[in-house]
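> Got model.cif for you, mmCIF, C-alpha atoms:
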data_structure
#
loop_
_atom_site.label_atom_id
_atom_site.label_comp_id
_atom_site.auth_asym_id
_atom_site.auth_seq_id
_atom_site.Cartn_x
_atom_site.Cartn_y
_atom_site.Cartn_z
CA ASN A 71 0.00 0.00 0.00
CA LEU A 72 2.29 2.72 -1.35
CA GLY A 73 1.69 6.15 -2.81
CA PRO A 74 3.32 7.40 -6.02
CA LEU A 75 6.99 8.34 -6.22
CA GLN A 76 6.84 12.08 -5.47
CA ASN A 77 8.02 14.95 -3.26
CA ASN A 78 6.80 14.10 0.24
CA GLY A 79 9.31 16.43 1.85
CA GLY A 80 13.06 16.12 2.10
CA THR A 81 15.69 16.18 -0.63
CA THR A 82 14.71 13.03 -2.56
CA PHE A 83 11.44 11.64 -3.91
CA ASN A 84 9.92 8.69 -2.06
CA MET A 85 6.71 6.69 -1.80
CA ALA A 86 4.42 7.33 1.16
CA LEU A 87 3.12 4.44 3.24
CA GLY A 88 -0.66 4.21 3.09
CA THR A 89 -2.98 3.38 5.97
CA GLY A 90 -2.84 -0.34 6.64
CA SER A 91 0.51 -0.91 4.92
CA VAL A 92 2.28 -4.04 6.18
CA ALA A 93 5.47 -1.95 6.44
CA ILE A 94 4.03 0.16 9.30
CA GLY A 95 5.65 -0.93 12.56
CA ALA A 96 7.37 -3.88 10.90
CA GLY A 97 10.91 -2.60 11.35
CA ASN A 98 13.41 -3.23 14.12
CA ALA A 99 13.33 -0.35 16.60
CA THR A 100 16.81 -1.14 17.94
CA ILE A 101 18.31 -0.86 14.48
CA SER A 102 16.30 2.16 13.33
CA ASN A 103 17.10 4.14 16.48
CA ALA A 104 20.85 3.49 16.23
CA ALA A 105 23.41 5.26 14.02
CA PRO A 106 23.35 6.06 11.18
CA ILE A 107 19.52 6.06 11.04
CA LEU A 108 19.02 7.68 14.46
CA GLY A 109 15.27 7.18 14.41
CA LEU A 110 14.72 9.26 11.26
CA ASP A 111 13.36 8.41 7.82
CA GLN A 112 14.87 9.58 4.53
CA ARG A 113 13.06 12.93 4.86
CA GLY A 114 14.41 13.56 8.36
CA PHE A 115 11.07 12.79 10.07
CA SER A 116 10.90 10.74 13.27
CA ARG A 117 10.23 7.01 12.90
CA ILE A 118 7.57 6.81 15.58
CA THR A 119 6.59 3.22 14.76
CA SER A 120 9.85 1.88 13.23
CA ASP A 121 8.34 1.50 9.78
CA ILE A 122 10.21 -0.26 6.96
CA GLY A 123 11.38 1.89 4.06
CA ALA A 124 12.35 5.50 3.33
CA TYR A 125 9.06 6.98 4.55
CA ALA A 126 7.82 6.89 8.15
CA PHE A 127 4.04 6.75 8.22
CA SER A 128 2.22 9.90 9.26
CA ASN A 129 -1.26 11.31 9.03
CA LEU A 130 -1.18 13.66 6.03
CA ILE A 131 -3.08 16.98 6.21
CA THR A 132 -3.03 19.31 3.20
CA VAL A 133 -3.38 23.11 3.41
CA THR A 134 -5.26 24.39 0.35
CA THR A 135 -6.00 28.05 1.15
CA ILE A 136 -4.18 31.15 2.41
CA LEU A 137 -7.26 32.14 4.42
CA ASP A 138 -6.82 32.15 8.19
CA THR A 139 -10.24 30.73 9.03
CA ILE A 140 -11.95 27.70 10.50
CA ASN A 141 -14.94 26.77 8.37
CA SER A 142 -15.85 23.12 7.94
CA THR A 143 -18.19 23.84 5.03
CA ASP A 144 -16.03 25.92 2.67
CA GLY A 145 -14.27 22.99 1.01
CA VAL A 146 -10.74 24.20 1.73
CA THR A 147 -8.27 23.68 4.56
CA SER A 148 -6.42 26.57 6.19
CA LEU A 149 -3.20 26.24 8.19
CA ARG A 150 -5.21 27.00 11.33
CA GLU A 151 -7.61 24.16 10.51
CA ALA A 152 -4.71 21.83 9.69
CA ILE A 153 -3.06 22.39 13.07
CA THR A 154 -6.41 21.96 14.84
CA LEU A 155 -6.93 18.67 12.99
CA ALA A 156 -3.39 17.50 13.72
CA ASN A 157 -3.93 18.17 17.43
CA ALA A 158 -7.08 16.03 17.32
CA THR A 159 -5.43 13.17 15.40
CA PRO A 160 -3.21 11.03 17.66
CA GLY A 161 0.14 10.03 16.24
CA ASN A 162 2.69 11.53 13.90
CA ASP A 163 1.08 14.12 11.58
CA GLN A 164 2.48 15.93 8.57
CA ILE A 165 1.06 19.21 7.29
CA VAL A 166 1.78 19.78 3.59
CA PHE A 167 0.76 22.52 1.17
CA ASN A 168 -1.05 22.57 -2.16
CA LEU A 169 -1.83 26.23 -2.83
CA THR A 170 -2.70 27.62 -6.25
CA GLY A 171 -2.38 31.04 -7.82
CA THR A 172 0.59 33.39 -7.82
CA SER A 173 3.41 32.64 -5.41
CA PRO A 174 4.76 33.40 -2.92
CA TYR A 175 1.62 32.73 -0.92
CA THR A 176 1.14 34.88 2.18
CA ILE A 177 -0.92 33.58 5.08
CA THR A 178 -1.73 36.60 7.25
CA LEU A 179 -2.71 35.48 10.74
CA GLY A 180 -5.53 37.18 12.58
CA SER A 181 -4.30 35.79 15.90
CA ALA A 182 -1.83 33.25 17.23
CA LEU A 183 -2.17 29.79 15.71
CA PRO A 184 -3.38 26.98 18.01
CA LEU A 185 -0.96 25.57 20.54
CA ILE A 186 0.60 22.47 18.95
CA THR A 187 -0.15 19.59 21.31
CA ASP A 188 0.40 16.51 19.11
CA GLN A 189 3.51 15.65 17.14
CA VAL A 190 3.45 17.35 13.74
CA PHE A 191 5.88 18.36 11.02
CA ILE A 192 4.83 21.45 9.02
CA ASP A 193 6.53 21.16 5.65
CA GLY A 194 6.61 24.14 3.30
CA SER A 195 8.97 22.26 1.00
CA THR A 196 5.98 20.28 -0.31
CA GLN A 197 4.50 23.35 -2.03
CA ASN A 198 4.88 23.29 -5.81
CA GLY A 199 7.77 25.50 -6.96
CA TYR A 200 9.79 25.21 -3.75
CA SER A 201 13.48 24.47 -4.02
CA ALA A 202 15.98 24.12 -1.20
CA ASN A 203 19.06 26.25 -0.71
CA THR A 204 22.20 24.89 -2.35
CA LEU A 205 24.73 27.52 -1.23
CA SER A 206 27.12 27.40 1.70
CA VAL A 207 26.59 29.68 4.69
CA GLY A 208 29.29 32.03 3.46
CA ALA A 209 28.01 32.17 -0.12
CA GLY A 210 24.36 33.07 0.47
CA ASN A 211 20.95 31.43 0.34
CA ASN A 212 19.11 30.69 -2.91
CA ALA A 213 16.11 28.80 -1.56
CA ALA A 214 12.82 29.36 -3.40
CA ILE A 215 10.44 29.58 -0.45
CA LYS A 216 6.83 29.76 -1.60
CA ILE A 217 4.87 30.20 1.64
CA GLN A 218 5.11 33.15 3.99
CA LEU A 219 3.44 33.58 7.38
CA ASN A 220 2.74 37.20 8.34
CA GLY A 221 2.27 37.91 12.04
CA ALA A 222 1.67 41.67 11.82
CA ASN A 223 -1.74 41.32 13.50
CA LEU A 224 -0.45 39.42 16.53
CA LEU A 225 -0.25 41.18 19.88
CA THR A 226 3.19 42.58 20.65
CA GLY A 227 2.93 41.34 24.25
CA GLY A 228 4.17 37.93 23.21
CA GLU A 229 1.77 36.11 20.87
CA VAL A 230 3.49 33.28 19.04
CA GLY A 231 3.20 32.12 15.44
CA LEU A 232 4.03 28.42 15.91
CA TYR A 233 4.02 27.26 19.54
CA PHE A 234 5.43 23.73 19.73
CA ASN A 235 4.26 21.99 22.89
CA SER A 236 4.70 18.45 21.55
CA ALA A 237 8.05 16.65 21.38
CA GLY A 238 9.43 15.61 18.00
CA SER A 239 7.63 18.32 16.03
CA GLY A 240 9.18 20.66 13.50
CA VAL A 241 8.89 23.02 10.54
CA ARG A 242 10.68 23.48 7.25
CA GLY A 243 10.53 25.75 4.21
CA LEU A 244 8.51 28.75 5.46
CA SER A 245 9.13 32.48 5.76
CA PHE A 246 8.12 34.16 9.05
CA VAL A 247 7.76 37.94 9.07
CA ASN A 248 6.45 40.63 11.45
CA PHE A 249 5.98 38.31 14.44
CA PRO A 250 6.44 39.15 18.11
CA TYR A 251 7.66 35.53 18.39
CA ALA A 252 7.80 33.45 15.21
CA ILE A 253 8.46 30.10 16.93
CA TYR A 254 8.46 29.09 20.58
CA ALA A 255 9.40 25.56 21.67
CA ASN A 256 8.17 24.16 24.97
CA ASN A 257 9.11 20.50 24.45
CA ASN A 258 12.14 18.51 23.35
CA ASN A 259 13.47 17.38 19.97
CA ILE A 260 12.04 20.25 17.91
CA THR A 261 13.46 20.56 14.37
CA ILE A 262 13.59 23.91 12.55
CA LYS A 263 15.28 23.82 9.14
CA GLY A 264 15.31 25.77 5.90
CA ASN A 265 13.21 28.77 7.02
CA TYR A 266 13.48 32.56 6.83
CA PHE A 267 12.91 34.71 9.93
CA GLY A 268 12.40 38.46 9.57
CA VAL A 269 13.06 38.01 5.85
CA ASN A 270 10.32 37.85 3.22
CA ALA A 271 10.18 34.93 0.83
CA ASP A 272 11.63 37.15 -1.90
CA GLY A 273 14.59 38.07 0.31
CA THR A 274 13.49 41.59 1.27
CA ALA A 275 13.22 42.82 4.86
CA GLN A 276 10.02 42.43 6.89
CA THR A 277 7.89 45.57 6.97
CA LYS A 278 8.00 45.97 10.77
CA GLY A 279 11.72 46.59 10.62
CA LEU A 280 14.00 45.56 13.45
CA SER A 281 11.58 43.70 15.73
CA GLY A 282 10.49 40.36 17.13
CA VAL A 283 12.09 37.03 18.01
CA GLY A 284 12.86 34.36 15.43
CA VAL A 285 13.21 31.08 17.37
CA ASP A 286 12.95 30.71 21.14
CA VAL A 287 13.77 27.18 22.32
CA ALA A 288 13.72 28.36 25.95
CA THR A 289 14.79 25.46 28.20
CA VAL A 290 14.13 22.47 25.95
CA ASN A 291 16.61 19.73 25.12
CA SER A 292 17.88 18.47 21.76
CA ALA A 293 16.40 21.16 19.53
CA ILE A 294 17.86 21.30 16.01
CA VAL A 295 17.89 24.76 14.44
CA GLY A 296 19.70 24.58 11.11
CA GLY A 297 22.00 21.67 10.29
CA ASN A 298 24.97 20.40 8.36
CA THR A 299 23.56 20.61 4.82
CA ALA A 300 22.83 23.66 2.69
CA ALA A 301 19.13 22.76 2.62
CA ASP A 302 19.01 22.97 6.44
CA GLN A 303 20.17 26.59 6.55
CA ASN A 304 17.83 29.09 8.25
CA VAL A 305 18.16 32.83 7.61
CA PHE A 306 17.68 35.31 10.48
CA GLY A 307 17.50 39.05 9.84
CA ASN A 308 15.81 42.26 11.04
CA LEU A 309 15.02 40.79 14.47
CA ASN A 310 15.47 41.93 18.04
CA LEU A 311 16.58 38.37 18.83
CA GLY A 312 17.43 35.73 16.27
CA ILE A 313 17.75 32.55 18.35
CA VAL A 314 17.11 32.28 22.11
CA GLN A 315 18.01 29.44 24.47
CA ILE A 316 17.92 30.00 28.22
CA ALA A 317 18.86 26.51 29.41
CA GLY A 318 18.53 22.90 28.26
CA SER A 319 21.14 20.63 26.69
CA GLY A 320 21.97 18.79 23.49
CA SER A 321 20.65 21.44 21.12
CA SER A 322 22.33 22.39 17.83
CA PHE A 323 22.35 25.77 16.05
CA THR A 324 24.79 25.13 13.22
CA GLY A 325 24.76 26.22 9.59
CA ASN A 326 22.52 29.31 9.86
CA ARG A 327 22.91 32.75 8.22
CA ILE A 328 22.42 35.40 10.87
CA GLY A 329 22.30 39.09 9.99
CA LEU A 330 23.29 38.67 6.33
CA GLY A 331 20.03 38.14 4.45
CA ARG A 332 20.01 36.04 1.28
CA THR A 333 23.08 37.62 -0.29
CA ASN A 334 26.37 38.89 1.07
CA THR A 335 25.40 42.45 0.14
CA SER A 336 21.92 42.40 1.71
CA PHE A 337 22.93 43.04 5.30
CA MET A 338 20.00 42.51 7.68
CA PRO A 339 21.44 42.82 11.19
CA ASN A 340 19.66 41.68 14.32
CA THR A 341 19.94 43.46 17.66
CA ILE A 342 21.17 40.13 19.07
CA GLY A 343 21.87 37.18 16.78
CA ILE A 344 21.97 34.35 19.35
#
Using structure tokens, write down the structure from this file.

Amino acid sequence: NLGPLQNNGGTTFNMALGTGSVAIGAGNATISNAAPILGLDQRGFSRITSDIGAYAFSNLITVTTILDTINSTDGVTSLREAITLANATPGNDQIVFNLTGTSPYTITLGSALPLITDQVFIDGSTQNGYSANTLSVGAGNNAAIKIQLNGANLLTGGEVGLYFNSAGSGVRGLSFVNFPYAIYANNNNITIKGNYFGVNADGTAQTKGLSGVGVDVATVNSAIVGGNTAADQNVFGNLNLGIVQIAGSGSSFTGNRIGLGRTNTSFMPNTIGI
């Protein structure tokens, strides 16, 4: 029970496991949790049930509109609805995107998105037209990010764009602009790769200027912000604080561009980088 060979997130095409596949849970947890697999599938997602193959099974939820609404009768699914559904669906969820029209697509939030209480990976790299960065940290960032979250309407007192309260969750391939806090992590093993913070999808500066916090992992353990490949590189610019960690252990913040923007001539300093 396999889906077609396609982009399900990550750097290579793979075939998704369907509900009821005999490969779900049929792997050896001892082997899949050890090096070099380290509990991840080919896309970098957690192998919650030690599934066989390149793709760890997850409940797939597709965002089909830029509207920030909850309306069960309109025939489309917003990001707010997708997170609400993921919270209500036990197990490993994946939120993907299938938006149409002219990109980049801007989702302007009317308020903070729901607290994330069940494991979910929000994957902007699944949107048609996306391509990952291929440049080194020193050379720039040429990612084609197609989805932008705008937090200009959020309260400056501390409302959060994505609030991860479930371990093993993460986000990739989005642009976050004009947020008081773009991402706050309140649980362990959060993965944040290939995003822009304070930088529009087209590489220009956010309209609120020097303001907001990019990623706050507070006191959690084993957060991964960035990584060792070009595709993992986050870009932080025009922020009061780029990355914040107060305590915790085992976290990694490698391979990010901080204060430089997409090119080496588009300086976008932060008040404090890390």
> What is the distance, in Å and to one decimal place, between CA of Val283 in chain A and CA of Tyr251 in chain A?
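So the two atoms, CA of Val283 in chain A and CA of Tyr251 in chain A, lie 4.7 Å apart.
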> If we count all atoms listed in the file, what is near range 221-226 of chain A at a cut-off of 10 Å, once residues fewer than 5 positions away on the same chain are taken out, given as number ranges by chain?
A: 177-183, 231, 246-252, 276-278, 281-282
> Please determine, counting only C-alpha atoms, which residue among A:Ile94, A:Ala271, A:Ile153, A:Ala105 has the shortest atom-to-atom distance to Thr139 in chain A.
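Closest to Thr139 in chain A, using only C-alpha atoms: A:Ile153.
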> Point out the residue among A:Ile131, A:Ile294, A:Ile253, A:Ala124 with the least atom-to-atom distance to Ser322 in chain A, counting all atoms listed in the file.
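Answer, going by the shortest atom-to-atom distance: A:Ile294.
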> So which residues touch Ser102 in chain A within 7 Å, counting only C-alpha atoms, skipping near sequence neighbours fewer than 6 positions away, as a PyMOL selection string?
chain A and resi 108-109+120
> Skip Ile313 in chain A itself and residues of its chain fewer than 2 positions away, then list as a list in words all residues within 10 Å of it, counting only C-alpha atoms.
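So the residues in contact are Ile253, Phe267, Val283, Gly284, Val285, Asp286, Val287, Ala288, Val295, Phe306, Leu309, Asn310, Leu311, Gln315, Phe323, Ile328, Ile342, Gly343 and Ile344 of chain A.
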> Can I get the selection written as a PDB file, keeping the file's coordinate frame, with C-alpha atoms?

ATOM      1  CA  ILE A 253       8.460  30.100  16.930  1.00  0.00           C
ATOM      2  CA  PHE A 267      12.910  34.710   9.930  1.00  0.00           C
ATOM      3  CA  VAL A 283      12.090  37.030  18.010  1.00  0.00           C
ATOM      4  CA  GLY A 284      12.860  34.360  15.430  1.00  0.00           C
ATOM      5  CA  VAL A 285      13.210  31.080  17.370  1.00  0.00           C
ATOM      6  CA  ASP A 286      12.950  30.710  21.140  1.00  0.00           C
ATOM      7  CA  VAL A 287      13.770  27.180  22.320  1.00  0.00           C
ATOM      8  CA  ALA A 288      13.720  28.360  25.950  1.00  0.00           C
ATOM      9  CA  VAL A 295      17.890  24.760  14.440  1.00  0.00           C
ATOM     10  CA  PHE A 306      17.680  35.310  10.480  1.00  0.00           C
ATOM     11  CA  LEU A 309      15.020  40.790  14.470  1.00  0.00           C
ATOM     12  CA  ASN A 310      15.470  41.930  18.040  1.00  0.00           C
ATOM     13  CA  LEU A 311      16.580  38.370  18.830  1.00  0.00           C
ATOM     14  CA  GLN A 315      18.010  29.440  24.470  1.00  0.00           C
ATOM     15  CA  PHE A 323      22.350  25.770  16.050  1.00  0.00           C
ATOM     16  CA  ILE A 328      22.420  35.400  10.870  1.00  0.00           C
ATOM     17  CA  ILE A 342      21.170  40.130  19.070  1.00  0.00           C
ATOM     18  CA  GLY A 343      21.870  37.180  16.780  1.00  0.00           C
ATOM     19  CA  ILE A 344      21.970  34.350  19.350  1.00  0.00           C
TER      20      ILE A 344
END
> Can you list what the PyMOL selection byres ((chain A and resi 289) around 12) grabs from this structure, as a ChimeraX atom specification?
/A:254-260,286-288,290-293,314-321
> Calculated over all atoms listed in the file, which of the candidates A:Asn308, A:Thr170, A:Thr261, A:Thr135 has the smallest distance to Gln189 in chain A?
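Closest to Gln189 in chain A, using all atoms listed in the file: A:Thr261.
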> Which one is closest to Val190 in chain A: A:Asp302, A:Glu229, A:Asp138, A:Asp163? Count only C-alpha atoms.
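Answer, going by the shortest atom-to-atom distance: A:Asp163.
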> Just give me the gap between CA of Ile215 in chain A and CA of Phe337 in chain A in Å, one decimal is fine.
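So the two atoms, CA of Ile215 in chain A and CA of Phe337 in chain A, lie 19.2 Å apart.
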> Kindly extract all protein, DNA and RNA residues lying within 7 Å of the coordinates (-0.1, 22.5, 23.2) given in the file, considering only C-alpha atoms, and supply them as an MDAnalysis selection string.
chainID A and resid 185:187 234:236
> Write the residues of the selection above to a file with C-alpha atoms, as an mmCIF file, in the coordinates of the input.

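Final output, selection_38.cif:
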data_model
loop_
_atom_site.group_PDB
_atom_site.id
_atom_site.type_symbol
_atom_site.label_atom_id
_atom_site.label_comp_id
_atom_site.auth_asym_id
_atom_site.auth_seq_id
_atom_site.Cartn_x
_atom_site.Cartn_y
_atom_site.Cartn_z
ATOM 1 C CA LEU A 185 -0.960 25.570 20.540
ATOM 2 C CA ILE A 186 0.600 22.470 18.950
ATOM 3 C CA THR A 187 -0.150 19.590 21.310
ATOM 4 C CA PHE A 234 5.430 23.730 19.730
ATOM 5 C CA ASN A 235 4.260 21.990 22.890
ATOM 6 C CA SER A 236 4.700 18.450 21.550
#
> Find the residues around Asp121 in chain A up to 10 Å (only C-alpha atoms counted), leave out those fewer than 2 positions away in its own chain, and share them as a PyMOL selection string.
chain A and resi 87+91-99+102+111+117-119+123-127
